[in-house]
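Engineer: Okay, so here is run_3.cif, and as you'll see once you scroll down, it has mmCIF, C-alpha atoms and all ligand atoms.
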data_work
loop_
_atom_site.label_atom_id
_atom_site.label_comp_id
_atom_site.auth_asym_id
_atom_site.auth_seq_id
_atom_site.Cartn_x
_atom_site.Cartn_y
_atom_site.Cartn_z
CA MET A 118 -6.12 40.65 -19.58
CA ILE A 119 -5.00 37.60 -17.63
CA GLY A 120 -8.51 37.30 -16.25
CA SER A 121 -10.10 37.26 -19.67
CA THR A 122 -7.57 34.79 -21.04
CA LEU A 123 -8.21 32.44 -18.13
CA SER A 124 -11.89 32.90 -18.65
CA LEU A 125 -11.45 31.69 -22.22
CA VAL A 126 -9.52 28.68 -20.98
CA ARG A 127 -12.32 27.82 -18.59
CA THR A 128 -14.93 28.17 -21.30
CA ALA A 129 -12.93 25.78 -23.45
CA LEU A 130 -12.61 23.28 -20.62
CA ALA A 131 -16.23 23.39 -19.54
CA SER A 132 -17.94 20.03 -19.84
CA PRO A 133 -21.10 18.57 -18.38
CA ALA A 134 -18.89 15.79 -17.07
CA ARG A 135 -16.92 18.32 -15.05
CA HIS A 136 -19.67 18.65 -12.53
CA PRO A 137 -19.65 18.85 -8.76
CA ARG A 138 -21.51 15.58 -8.67
CA THR A 139 -18.70 13.89 -10.58
CA ALA A 140 -16.27 15.39 -8.09
CA VAL A 141 -18.36 14.19 -5.15
CA VAL A 142 -18.89 10.66 -6.48
CA LEU A 143 -15.17 10.26 -7.20
CA GLY A 144 -14.31 11.99 -3.94
CA ARG A 145 -16.36 9.53 -1.90
CA LEU A 146 -14.57 6.58 -3.46
CA LEU A 147 -11.18 8.26 -3.06
CA GLY A 148 -11.90 9.08 0.58
CA LEU A 149 -13.02 5.52 1.32
CA GLY A 150 -10.02 4.06 -0.55
CA PHE A 151 -7.50 6.29 1.18
CA LEU A 152 -9.01 5.38 4.57
CA ILE A 153 -8.72 1.66 3.82
CA CYS A 154 -5.11 2.18 2.72
CA PHE A 155 -4.41 4.27 5.80
CA GLY A 156 -5.80 1.69 8.22
CA THR A 157 -4.11 -1.29 6.58
CA GLY A 158 -0.88 0.69 6.13
CA LEU A 159 -0.85 1.72 9.78
CA PHE A 160 -1.33 -1.91 10.75
CA SER A 161 1.58 -2.99 8.56
CA HIS A 162 3.76 -0.20 9.91
CA LEU A 163 3.00 -1.06 13.54
CA LEU A 164 3.72 -4.75 12.96
CA GLN A 165 7.18 -3.70 11.78
CA ASP A 166 7.67 -0.97 14.42
CA PRO A 167 5.38 -1.75 17.36
CA LEU A 168 4.71 0.86 20.00
CA PRO A 169 5.80 -0.15 23.51
CA GLY A 170 3.47 -2.68 25.09
CA MET A 171 1.66 -3.43 21.85
CA ALA A 172 0.52 -6.99 21.09
CA PHE A 173 -0.87 -8.35 17.82
CA LEU A 174 -3.33 -10.96 16.70
CA THR A 175 -1.66 -14.10 15.38
CA ARG A 176 -4.92 -15.47 13.96
CA PRO A 177 -6.39 -15.80 11.46
CA VAL A 178 -3.08 -16.85 9.91
CA TRP A 179 -4.04 -14.97 6.72
CA LEU A 180 -4.77 -11.70 8.53
CA TYR A 181 -1.76 -9.84 7.15
CA ARG A 182 -2.25 -11.40 3.75
CA LEU A 183 -5.74 -9.89 3.76
CA THR A 184 -4.81 -6.44 5.06
CA GLN A 185 -1.74 -5.97 2.90
CA GLY A 186 -3.43 -7.47 -0.16
CA ALA A 187 -6.26 -4.96 0.36
CA HIS A 188 -3.74 -2.15 0.85
CA VAL A 189 -2.05 -2.74 -2.48
CA ILE A 190 -5.22 -3.64 -4.44
CA VAL A 191 -7.12 -0.59 -3.20
CA GLY A 192 -4.07 1.65 -3.66
CA THR A 193 -3.79 0.48 -7.26
CA ALA A 194 -7.49 1.13 -7.89
CA LEU A 195 -7.07 4.66 -6.51
CA ILE A 196 -4.71 5.69 -9.30
CA PRO A 197 -7.38 6.01 -12.04
CA LEU A 198 -9.78 7.53 -9.50
CA LEU A 199 -7.32 10.24 -8.54
CA LEU A 200 -6.57 11.04 -12.17
CA ALA A 201 -10.31 11.28 -12.95
CA LYS A 202 -10.88 13.54 -9.96
CA LEU A 203 -8.10 15.88 -11.02
CA TRP A 204 -9.46 15.90 -14.58
CA THR A 205 -12.83 16.93 -13.19
CA VAL A 206 -11.68 19.84 -11.06
CA TYR A 207 -8.52 21.16 -12.69
CA PRO A 208 -10.34 24.02 -14.52
CA LEU A 209 -10.60 25.54 -11.04
CA LEU A 210 -6.89 26.27 -11.40
CA PHE A 211 -7.81 28.91 -13.98
CA ALA A 212 -10.12 30.86 -11.69
CA TRP A 213 -9.47 34.58 -11.63
CA PRO A 214 -8.62 36.19 -9.29
CA PRO A 215 -6.84 33.07 -8.03
CA VAL A 216 -7.84 33.78 -4.45
CA ARG A 217 -10.44 36.07 -3.02
CA SER A 218 -10.00 35.57 0.68
CA VAL A 219 -7.64 34.25 3.30
CA ALA A 220 -9.89 31.23 3.79
CA GLY A 221 -9.83 30.61 0.03
CA LEU A 222 -6.03 30.87 -0.01
CA LEU A 223 -5.71 28.42 2.85
CA GLU A 224 -8.09 26.01 1.17
CA ARG A 225 -6.17 26.14 -2.09
CA ALA A 226 -2.86 25.62 -0.31
CA MET A 227 -4.33 22.67 1.53
CA ILE A 228 -5.69 21.13 -1.67
CA ALA A 229 -2.27 21.60 -3.29
CA LEU A 230 -0.77 19.68 -0.38
CA LEU A 231 -3.44 16.99 -0.60
CA VAL A 232 -3.04 16.50 -4.35
CA ALA A 233 0.76 16.49 -4.20
CA ALA A 234 0.87 14.11 -1.25
CA ALA A 235 -1.71 11.77 -2.81
CA PHE A 236 0.20 11.73 -6.08
CA VAL A 237 3.54 10.94 -4.49
CA GLU A 238 1.92 8.39 -2.18
CA LEU A 239 0.34 6.43 -5.02
CA ALA A 240 3.39 6.74 -7.26
CA THR A 241 5.84 5.55 -4.58
CA GLY A 242 3.45 2.78 -3.56
CA LEU A 243 3.18 1.59 -7.15
CA ALA A 244 6.95 1.73 -7.65
CA ASN A 245 7.40 -0.21 -4.42
CA THR A 246 5.23 -3.06 -5.67
CA PHE A 247 7.81 -3.37 -8.44
CA GLN A 248 10.68 -3.08 -5.94
CA TRP A 249 11.80 0.00 -7.83
CA TYR A 250 13.21 2.80 -5.71
CA PRO A 251 14.26 5.59 -8.06
CA TRP A 252 14.61 8.16 -5.25
CA PRO A 253 17.12 9.02 -2.55
CA PHE A 254 14.70 8.89 0.42
CA ARG A 255 13.59 5.90 2.42
CA PHE A 256 10.37 4.46 1.08
CA ARG A 257 8.61 3.32 4.20
CA GLU A 258 9.20 6.44 6.31
CA THR A 259 8.14 8.71 3.45
CA HIS A 260 5.09 6.66 2.53
CA PHE A 261 4.06 6.64 6.18
CA ALA A 262 4.57 10.38 6.77
CA LEU A 263 2.65 11.27 3.59
CA ALA A 264 -0.22 9.04 4.72
CA TRP A 265 -0.72 11.26 7.77
CA ALA A 266 -0.52 14.38 5.62
CA ILE A 267 -3.17 12.92 3.30
CA VAL A 268 -5.54 11.89 6.05
CA GLY A 269 -5.21 15.27 7.78
CA ALA A 270 -5.66 17.26 4.57
CA LEU A 271 -8.54 14.99 3.55
CA ALA A 272 -10.36 15.66 6.82
CA ILE A 273 -10.04 19.42 6.30
CA HIS A 274 -10.95 19.13 2.61
CA ILE A 275 -14.10 17.13 3.38
CA GLY A 276 -15.02 19.58 6.12
CA VAL A 277 -14.70 22.56 3.78
CA LYS A 278 -16.58 20.82 0.96
CA LEU A 279 -19.34 19.51 3.21
CA PRO A 280 -21.98 21.83 1.71
CA VAL A 281 -21.33 20.47 -1.80
CA ILE A 282 -21.08 16.91 -0.56
CA VAL A 283 -24.38 17.14 1.28
CA ARG A 284 -25.98 18.74 -1.74
CA TRP A 285 -24.95 16.00 -4.13
CA TRP A 286 -25.10 13.09 -1.74
CA ARG A 287 -28.53 12.02 -2.90
CA ARG A 288 -29.26 11.61 -6.56
CA SER A 289 -32.46 13.64 -6.29
CA GLY A 290 -31.69 15.46 -9.51
CA SER A 291 -33.88 18.46 -8.82
CA THR A 292 -30.97 20.73 -7.97
CA ASP A 293 -28.97 19.38 -10.85
CA ALA A 294 -29.53 22.18 -13.27
CA ASP A 295 -29.07 25.14 -11.03
CA GLY A 296 -25.86 26.68 -9.67
CA ALA A 297 -23.42 23.88 -10.20
CA LEU A 298 -21.04 25.36 -7.71
CA LEU A 299 -18.14 23.90 -5.87
CA PRO A 300 -18.54 26.47 -3.13
CA VAL A 301 -15.47 27.29 -1.19
CA ALA A 302 -14.90 30.17 1.15
CA ASP A 303 -16.91 32.79 -0.73
CA GLY A 304 -18.17 31.31 -3.92
CA GLU A 305 -14.81 30.46 -5.46
CA GLY A 306 -14.56 27.36 -7.53
CA ASP A 307 -17.43 27.56 -9.94
CA LEU A 308 -17.31 24.50 -12.18
CA ARG A 309 -20.23 25.68 -14.29
CA PRO A 310 -19.68 25.82 -17.99
CA GLU A 311 -19.44 29.51 -18.73
CA PRO A 312 -21.88 30.50 -21.47
CA ARG A 313 -19.58 33.28 -22.46
CA ALA A 314 -16.13 34.21 -21.31
CA LYS A 315 -16.26 37.17 -18.99
CA GLY A 316 -14.28 40.34 -19.53
CA VAL A 317 -13.59 39.63 -23.18
CA THR A 318 -14.15 42.55 -25.48
CA GLY A 319 -13.68 43.61 -29.03
CA ALA A 320 -12.73 41.23 -31.81
CA ILE A 321 -12.28 38.23 -29.55
CA GLN A 322 -15.76 38.66 -28.13
CA ARG A 323 -17.31 38.95 -31.55
CA ARG A 324 -15.56 35.79 -32.67
CA LEU A 325 -16.64 33.99 -29.54
CA GLU A 326 -20.23 34.98 -30.04
CA ARG A 327 -20.21 33.70 -33.57
CA ALA A 328 -18.44 30.45 -32.65
CA PRO A 329 -20.71 27.41 -32.50
CA VAL A 330 -21.18 25.90 -29.07
CA PRO A 331 -19.12 22.70 -29.05
CA PRO A 332 -21.11 19.56 -28.33
CA ALA A 333 -20.38 17.85 -25.05
CA ALA A 334 -17.57 15.42 -25.78
CA VAL A 335 -18.22 13.17 -22.83
CA SER A 336 -21.03 12.87 -20.37
CA ARG A 337 -20.73 12.45 -16.64
CA ARG A 338 -21.84 8.87 -16.97
CA THR A 339 -19.12 8.15 -19.52
CA VAL A 340 -16.45 9.59 -17.25
CA LEU A 341 -17.65 7.64 -14.22
CA ILE A 342 -18.08 4.36 -16.09
CA GLY A 343 -14.72 4.82 -17.81
CA THR A 344 -12.99 5.51 -14.52
CA GLY A 345 -14.65 2.49 -12.93
CA LEU A 346 -13.56 0.29 -15.81
CA ALA A 347 -9.99 1.61 -15.60
CA SER A 348 -9.83 0.86 -11.88
CA ALA A 349 -11.37 -2.58 -12.37
CA ALA A 350 -8.89 -3.30 -15.16
CA VAL A 351 -5.77 -2.41 -13.16
CA VAL A 352 -7.07 -4.45 -10.23
CA ALA A 353 -8.00 -7.44 -12.39
CA THR A 354 -4.58 -7.50 -14.03
CA THR A 355 -2.58 -7.15 -10.79
CA ALA A 356 -4.57 -8.70 -7.93
CA GLY A 357 -3.69 -12.18 -9.21
CA GLU A 358 -0.41 -11.91 -7.33
CA THR A 359 -2.39 -12.47 -4.15
CA LEU A 360 -5.81 -13.83 -5.26
CA PRO A 361 -5.40 -17.26 -6.87
CA ALA A 362 -8.73 -16.87 -8.71
CA LEU A 363 -7.32 -13.89 -10.64
CA ALA A 364 -3.90 -15.45 -11.25
CA PRO A 365 -4.60 -16.22 -14.96
CA LEU A 366 -5.35 -12.51 -15.59
CA ASN A 367 -2.29 -11.33 -13.72
CA VAL A 368 -0.31 -9.77 -16.55
CA LEU A 369 0.70 -6.43 -15.02
CA ALA A 370 1.70 -7.33 -11.46
CA PRO A 371 5.38 -7.85 -10.74
CA ARG A 372 4.70 -11.27 -9.23
CA ALA A 373 3.20 -14.41 -10.63
CA LEU A 374 1.81 -16.93 -8.17
CA ARG A 375 3.78 -20.16 -7.94
CA TYR A 376 6.71 -18.68 -9.79
CA GLY A 377 10.05 -19.43 -8.17
CA PRO A 378 11.54 -22.57 -6.64
CA GLN A 379 9.14 -24.77 -4.68
CA GLY A 380 6.19 -22.76 -5.95
CA LEU A 381 6.98 -19.56 -4.07
CA PRO A 382 8.29 -16.22 -5.32
CA VAL A 383 11.71 -15.06 -4.18
CA ASN A 384 12.53 -11.43 -3.49
CA ARG A 385 16.19 -11.87 -2.72
CA THR A 386 18.03 -14.96 -3.87
CA ALA A 387 20.88 -16.61 -1.98
CA ALA A 388 23.25 -15.46 -4.72
CA GLU A 389 22.08 -11.86 -4.38
CA ALA A 390 22.45 -12.04 -0.61
CA ARG A 391 25.87 -13.73 -1.07
CA VAL A 392 25.06 -16.45 1.42
CA GLN A 393 25.37 -19.60 -0.67
CA ARG A 394 28.64 -20.73 0.87
CA THR A 395 27.54 -20.19 4.48
CA ALA A 396 24.13 -21.72 3.80
CA LEU A 397 25.62 -24.95 2.42
CA ASP A 398 28.40 -25.21 5.01
CA PRO A 399 27.97 -28.44 7.07
CA ALA A 400 29.44 -26.59 10.07
CA TRP A 401 26.32 -24.39 10.19
CA ARG A 402 24.65 -24.22 13.58
CA LEU A 403 21.56 -22.48 14.89
CA VAL A 404 22.43 -20.80 18.18
CA VAL A 405 19.54 -20.51 20.64
CA ARG A 406 20.46 -18.25 23.51
CA GLY A 407 18.28 -18.27 26.63
CA PRO A 408 18.79 -16.20 29.75
CA GLU A 409 20.81 -18.95 31.45
CA ARG A 410 21.47 -21.59 28.83
CA SER A 411 22.44 -21.66 25.17
CA VAL A 412 22.49 -24.43 22.61
CA ALA A 413 24.06 -24.69 19.15
CA LEU A 414 21.98 -27.01 16.98
CA SER A 415 23.05 -28.63 13.75
CA LEU A 416 20.56 -29.33 10.99
CA ASP A 417 20.46 -32.98 12.13
CA ASP A 418 19.76 -31.86 15.71
CA LEU A 419 16.85 -29.76 14.46
CA ARG A 420 15.53 -32.63 12.34
CA ALA A 421 15.69 -34.94 15.35
CA MET A 422 13.36 -32.66 17.30
CA PRO A 423 9.55 -32.97 17.04
CA GLN A 424 8.45 -31.52 13.67
CA THR A 425 5.42 -29.28 13.32
CA ASP A 426 3.43 -28.76 10.11
CA ALA A 427 1.92 -25.37 9.36
CA GLY A 428 -0.01 -24.08 6.36
CA LEU A 429 0.95 -20.41 6.31
CA PRO A 430 1.14 -17.71 3.69
CA ILE A 431 4.13 -15.55 2.88
CA ALA A 432 2.61 -12.11 2.49
CA CYS A 433 5.04 -9.50 1.25
CA VAL A 434 4.50 -5.82 2.01
CA GLU A 435 4.66 -5.29 -1.75
CA GLY A 436 1.29 -7.00 -2.04
CA TRP A 437 2.07 -10.46 -3.37
CA SER A 438 1.31 -13.46 -1.21
CA THR A 439 1.30 -17.23 -1.51
CA GLN A 440 0.05 -19.98 0.73
CA ALA A 441 2.56 -22.75 1.45
CA ALA A 442 3.07 -25.88 3.54
CA TRP A 443 5.89 -25.50 6.05
CA ARG A 444 7.51 -28.06 8.31
CA GLY A 445 10.04 -27.53 11.03
CA VAL A 446 10.64 -26.96 14.73
CA ALA A 447 8.17 -24.81 16.65
CA VAL A 448 9.86 -21.83 18.27
CA ARG A 449 8.03 -22.80 21.47
CA ASP A 450 9.87 -26.13 21.49
CA LEU A 451 13.22 -24.36 21.07
CA ALA A 452 12.25 -21.99 23.88
CA ASP A 453 11.59 -25.00 26.11
CA LEU A 454 15.11 -26.28 25.35
CA VAL A 455 16.70 -23.21 26.92
CA GLY A 456 13.98 -22.62 29.51
CA ALA A 457 12.75 -19.36 28.05
CA ARG A 458 9.03 -19.63 27.32
CA ASP A 459 6.80 -16.59 26.98
CA ARG A 460 9.64 -14.30 25.98
CA GLU A 461 10.48 -12.01 23.13
CA TRP A 462 13.27 -13.10 20.76
CA LEU A 463 15.76 -11.44 18.51
CA VAL A 464 16.08 -13.58 15.39
CA ARG A 465 19.19 -13.05 13.28
CA SER A 466 20.22 -14.09 9.81
CA PHE A 467 23.73 -14.75 8.60
CA ALA A 468 22.84 -12.69 5.52
CA ALA A 469 23.95 -9.10 5.87
CA GLY A 470 21.88 -6.12 4.80
CA ALA A 471 18.20 -5.32 5.02
CA TYR A 472 15.90 -7.67 6.91
CA SER A 473 18.84 -9.44 8.51
CA SER A 474 17.13 -9.59 11.90
CA THR A 475 13.68 -9.35 13.41
CA VAL A 476 12.17 -9.06 16.84
CA LEU A 477 9.76 -11.94 17.37
CA GLN A 478 7.26 -10.69 19.87
CA ARG A 479 5.95 -12.85 22.65
CA GLU A 480 2.57 -13.60 21.07
CA PHE A 481 4.20 -14.81 17.86
CA ALA A 482 6.88 -16.79 19.71
CA GLU A 483 4.17 -18.51 21.74
CA ASP A 484 1.99 -19.35 18.75
CA PRO A 485 2.32 -23.09 18.07
CA LEU A 486 2.51 -22.40 14.30
CA THR A 487 5.57 -20.14 14.49
CA LEU A 488 8.33 -22.32 13.10
CA ILE A 489 11.98 -22.54 12.36
CA ALA A 490 11.11 -24.02 8.97
CA LEU A 491 13.31 -26.71 7.46
CA GLU A 492 10.94 -27.83 4.70
CA LEU A 493 8.69 -26.10 2.23
CA ASN A 494 5.93 -27.77 0.20
CA GLY A 495 7.24 -31.23 1.01
CA GLU A 496 10.89 -30.62 0.14
CA VAL A 497 13.99 -29.49 1.97
CA LEU A 498 13.94 -25.70 1.98
CA HIS A 499 15.50 -24.30 -1.20
CA VAL A 500 18.55 -22.15 -0.56
CA ASP A 501 16.68 -19.17 -2.07
CA HIS A 502 13.97 -19.69 0.53
CA GLY A 503 16.38 -19.63 3.42
CA TYR A 504 18.10 -23.04 3.70
CA PRO A 505 19.14 -24.38 6.14
CA ALA A 506 16.42 -22.74 8.29
CA ARG A 507 14.09 -19.78 8.14
CA LEU A 508 11.48 -18.19 10.32
CA ILE A 509 7.82 -18.49 9.38
CA SER A 510 4.99 -17.26 11.57
CA PRO A 511 1.29 -16.56 11.15
CA ALA A 512 -0.07 -13.08 10.36
CA ARG A 513 3.28 -11.29 10.08
CA PRO A 514 4.66 -9.32 7.12
CA GLY A 515 6.96 -11.16 4.73
CA VAL A 516 9.88 -8.85 5.55
CA LEU A 517 9.87 -10.24 9.08
CA GLN A 518 9.99 -13.88 7.92
CA THR A 519 13.77 -13.97 8.16
CA LYS A 520 15.68 -16.40 5.95
CA TRP A 521 19.10 -18.08 6.45
CA LEU A 522 18.94 -18.09 10.24
CA ARG A 523 21.96 -17.83 12.47
CA SER A 524 20.58 -17.32 15.97
CA LEU A 525 17.64 -16.74 18.28
CA GLU A 526 18.35 -14.74 21.41
CA VAL A 527 16.00 -13.97 24.27
CA ARG A 528 15.57 -10.23 24.60
N1 LIG B 1 17.66 -12.71 5.55
C1 LIG B 1 16.64 -12.25 4.78
N2 LIG B 1 15.40 -12.68 5.04
C2 LIG B 1 14.36 -12.23 4.28
C3 LIG B 1 14.55 -11.34 3.23
C4 LIG B 1 15.85 -10.89 2.99
O1 LIG B 1 16.11 -10.09 2.09
N3 LIG B 1 16.87 -11.37 3.77
N4 LIG B 1 13.45 -10.90 2.49
C5 LIG B 1 12.18 -10.90 3.20
C6 LIG B 1 11.04 -10.56 2.37
S1 LIG B 1 10.89 -8.94 1.85
C7 LIG B 1 10.03 -11.44 2.11
S2 LIG B 1 8.62 -10.96 1.34
C8 LIG B 1 10.17 -12.84 2.54
C9 LIG B 1 9.93 -13.74 1.38
O2 LIG B 1 10.92 -13.42 0.48
P1 LIG B 1 11.49 -14.52 -0.49
O3 LIG B 1 10.43 -14.71 -1.48
O4 LIG B 1 12.70 -13.87 -1.05
O5 LIG B 1 11.76 -15.73 0.28
O6 LIG B 1 11.44 -13.12 3.07
C10 LIG B 1 11.93 -12.19 3.94
N5 LIG B 1 13.11 -12.69 4.57
MO MO B 2 8.73 -8.61 1.25
#
I need this file expressed as structure tokens, please.
Structural biologist:
Amino acid sequence: MIGSTLSLVRTALASPARHPRTAVVLGRLLGLGFLICFGTGLFSHLLQDPLPGMAFLTRPVWLYRLTQGAHVIVGTALIPLLLAKLWTVYPLLFAWPPVRSVAGLLERAMIALLVAAAFVELATGLANTFQWYPWPFRFRETHFALAWAIVGALAIHIGVKLPVIVRWWRRSGSTDADGALLPVADGEGDLRPEPRAKGVTGAIQRRLERAPVPPAAVSRRTVLIGTGLASAAVVATTAGETLPALAPLNVLAPRALRYGPQGLPVNRTAAEARVQRTALDPAWRLVVRGPERSVALSLDDLRAMPQTDAGLPIACVEGWSTQAAWRGVAVRDLADLVGARDREWLVRSFAAGAYSSTVLQREFAEDPLTLIALELNGEVLHVDHGYPARLISPARPGVLQTKWLRSLEVR
């Protein structure tokens, strides 16, 4: 009874667009996209939590802007692709019996894991770009752990589906008409439109036989073109938060380029961080603590030191980024003051809460463009951008570009 009902469901859902080739074409793009997101995400994660002994490139200065921009753009494009893929294969959920072998059971369980993980990954990633955290768990740890689950499950999934993938890899067309199978363990997962529901008898069967065959609502081409257009549309309307050329189309992204004081977006204002009073206090000093010597520098002391200009982007993990002109004291010059070149620094903010300190690794500390910035785009740093002084360094995530500095200590 259940079997025949499910068979009816599958007959109703059959469509020429729900074809293994659709699944393979979408699957290729999904696999490629998830790999790009995995690689760029791993890079971003390691920059924030380096493994012991790890060193990073500090050039090109836009390296992180590129990798994180790609991470968020590709992740956004994956959303329509994943939905289209699920639309293509979900009739397989109505197969009866649901499993026919241990291998089939394992494969289904693994696909359930893959789909669930991919869904949560894309949903949390999207919410993160809007700085919206409607969940009790920590975003970064969860997003990172799920990424490994996805990549592992994807590897197994591709391995199991290799026969179908190989079969549909080339658009030869000759095998198109025959056995449109999504072969799994032992022939489970037939996506073929069923000419007639199996196991249906009596009145239902007679009605089915008399029923006209419904015309194909959508073709494979329509589904693929529609999915491509949907992905292109979400990218075109969001990528403008990092690509200036697309800025005029940027209507869906949470960030507009050049919005905010001094032409730069602000994630956390001085008022939100409750630092206005400390920031504007003339008694403010920047403490630079070397192994043997320490100095406490006023803003005038810092301004009296040699000033370095650097054109560097702020590239937020959430995907927005903006190029800006910074001016201030090179960290190398401060290191010379306390005799501590070629060292790793702990940089602290007087703002409490998240991102209140960062470890500035040796290679970034030694880069001549890593600055204690006092000016932004030709003006004294706005208090929302970290007045009196903030850290800015090439090729590092925005979260590590600490604002409202209090001290630098050799580690
Ligand atoms: N002290 C402090 N520094 C901080 C932050 C913060 O919340 N507190 N935000 C970081 C983040 S997430 C980014 S992307 C950059 C740029 O943020 P802004 O646009 O708010 O300046 O500053 C970073 N520096
Ligand atoms: Mo950020």
Engineer: Produce as a ChimeraX atom specification the set of residues near ligand LIG 1 (chain B), where near means within 8 Å with all atoms listed in the file considered.
Structural biologist: /A:381-386,390,431-435,465-474,501-503,507,514-522
Engineer: Find the axis-aligned box for range 264-278 of chain A, covering all its listed atoms and adding 4 Å on each side, and write its centre and edge lengths in Å to one decimal as lines of an AutoDock Vina configuration file.
Structural biologist:
center_x = -8.4
center_y = 15.8
center_z = 4.4
size_x = 24.4
size_y = 21.5
size_z = 14.8
Engineer: For the atom pair CA of Thr184 in chain A and CA of Phe160 in chain A, what is the interatomic distance in Å to one decimal place?
Structural biologist: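 Separating CA of Thr184 in chain A from CA of Phe160 in chain A is a distance of 8.1 Å.
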Engineer: Of the candidates A:Phe247, A:Leu200, A:Arg406, A:Trp213, which one gets nearest to ligand MO 2 (chain B) if we count all atoms listed in the file?
Structural biologist: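 Closest residue, counting all atoms listed in the file: A:Phe247.
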Engineer: Using only C-alpha atoms, find the one residue out of A:Val126, A:Ile275, A:Ala201, A:Leu209 that sits nearest to Leu346 in chain A.
Structural biologist: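 Answer, going by the shortest atom-to-atom distance: A:Ala201.
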Engineer: Show me the residues close to (-7.0, 14.8, -11.6) - anything with an atom within 12 Å, counting only C-alpha atoms - and format the list as a compact mmCIF listing (two decimals) with C-alpha atoms, in the frame of the given file.
Structural biologist:
# COMPACT_ATOMS: atom_id res chain seq x y z
CA ARG A 135 -16.92 18.32 -15.05
CA THR A 139 -18.70 13.89 -10.58
CA ALA A 140 -16.27 15.39 -8.09
CA LEU A 143 -15.17 10.26 -7.20
CA GLY A 144 -14.31 11.99 -3.94
CA LEU A 147 -11.18 8.26 -3.06
CA LEU A 195 -7.07 4.66 -6.51
CA ILE A 196 -4.71 5.69 -9.30
CA PRO A 197 -7.38 6.01 -12.04
CA LEU A 198 -9.78 7.53 -9.50
CA LEU A 199 -7.32 10.24 -8.54
CA LEU A 200 -6.57 11.04 -12.17
CA ALA A 201 -10.31 11.28 -12.95
CA LYS A 202 -10.88 13.54 -9.96
CA LEU A 203 -8.10 15.88 -11.02
CA TRP A 204 -9.46 15.90 -14.58
CA THR A 205 -12.83 16.93 -13.19
CA VAL A 206 -11.68 19.84 -11.06
CA TYR A 207 -8.52 21.16 -12.69
CA PRO A 208 -10.34 24.02 -14.52
CA LEU A 209 -10.60 25.54 -11.04
CA LEU A 210 -6.89 26.27 -11.40
CA ILE A 228 -5.69 21.13 -1.67
CA ALA A 229 -2.27 21.60 -3.29
CA LEU A 231 -3.44 16.99 -0.60
CA VAL A 232 -3.04 16.50 -4.35
CA ALA A 233 0.76 16.49 -4.20
CA ALA A 235 -1.71 11.77 -2.81
CA PHE A 236 0.20 11.73 -6.08
CA THR A 344 -12.99 5.51 -14.52
Engineer: Here is a test: counting only C-alpha atoms, which residue of A:Thr425, A:Gln185, A:Ser438, A:Gln393 is nearest to Phe155 in chain A?
Structural biologist: A:Gln185
Engineer: Given the choices A:Val446, A:Ala490, A:Leu454, A:Leu222, which gets closest to Leu429 in chain A if the distance is worked out from only C-alpha atoms?
Structural biologist: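 Under the stated criterion, the closest residue is A:Ala490.
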Engineer: Taking all atoms listed in the file into account, which of A:Glu492, A:Ala387, A:Arg513, A:Ala441 comes nearest ligand MO 2 (chain B)?
Structural biologist: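 Ranking A:Glu492, A:Ala387, A:Arg513, A:Ala441 by distance to ligand MO 2 (chain B), first place goes to A:Arg513.
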Engineer: Suppose you want the space between CA of Trp265 in chain A and CA of Pro253 in chain A; what is it in Å?
Structural biologist: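 Between these atoms lies a distance of 20.7 Å.
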Engineer: Given only C-alpha atoms and all ligand atoms as the basis, pick out the residue of A:Val335, A:Gly436, A:Val392, A:Gly343 nearest to ligand MO 2 (chain B).
Structural biologist: A:Gly436
Engineer: How many Å lie between CA of Ala353 in chain A and CA of Asn367 in chain A, rounded to one decimal?
Structural biologist: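 Taking CA of Ala353 in chain A and CA of Asn367 in chain A, their separation equals 7.0 Å.
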Engineer: Could you name the residues that touch Ala482 in chain A at 10 Å or less, counting only C-alpha atoms, but leaving out those on the same chain fewer than 4 positions away, as a list of chain:residue names?
Structural biologist: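 Those residues are A:Thr175, A:Ala447, A:Val448, A:Arg449, A:Asp450, A:Leu451, A:Ala452, A:Arg458, A:Asp459, A:Arg460, A:Glu461, A:Trp462, A:Val476, A:Leu477, A:Gln478, A:Leu486, A:Thr487, A:Leu488, A:Ser510.
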Engineer: Which protein, DNA or RNA residues have an atom at most 12 Å from (3.8, 3.9, 8.9), counting only C-alpha atoms? List them as JSON, numbers by chain.
Structural biologist: {"A": [154, 155, 156, 157, 158, 159, 160, 161, 162, 163, 164, 165, 166, 167, 168, 255, 256, 257, 258, 259, 260, 261, 262, 263, 264, 265, 266, 434]}
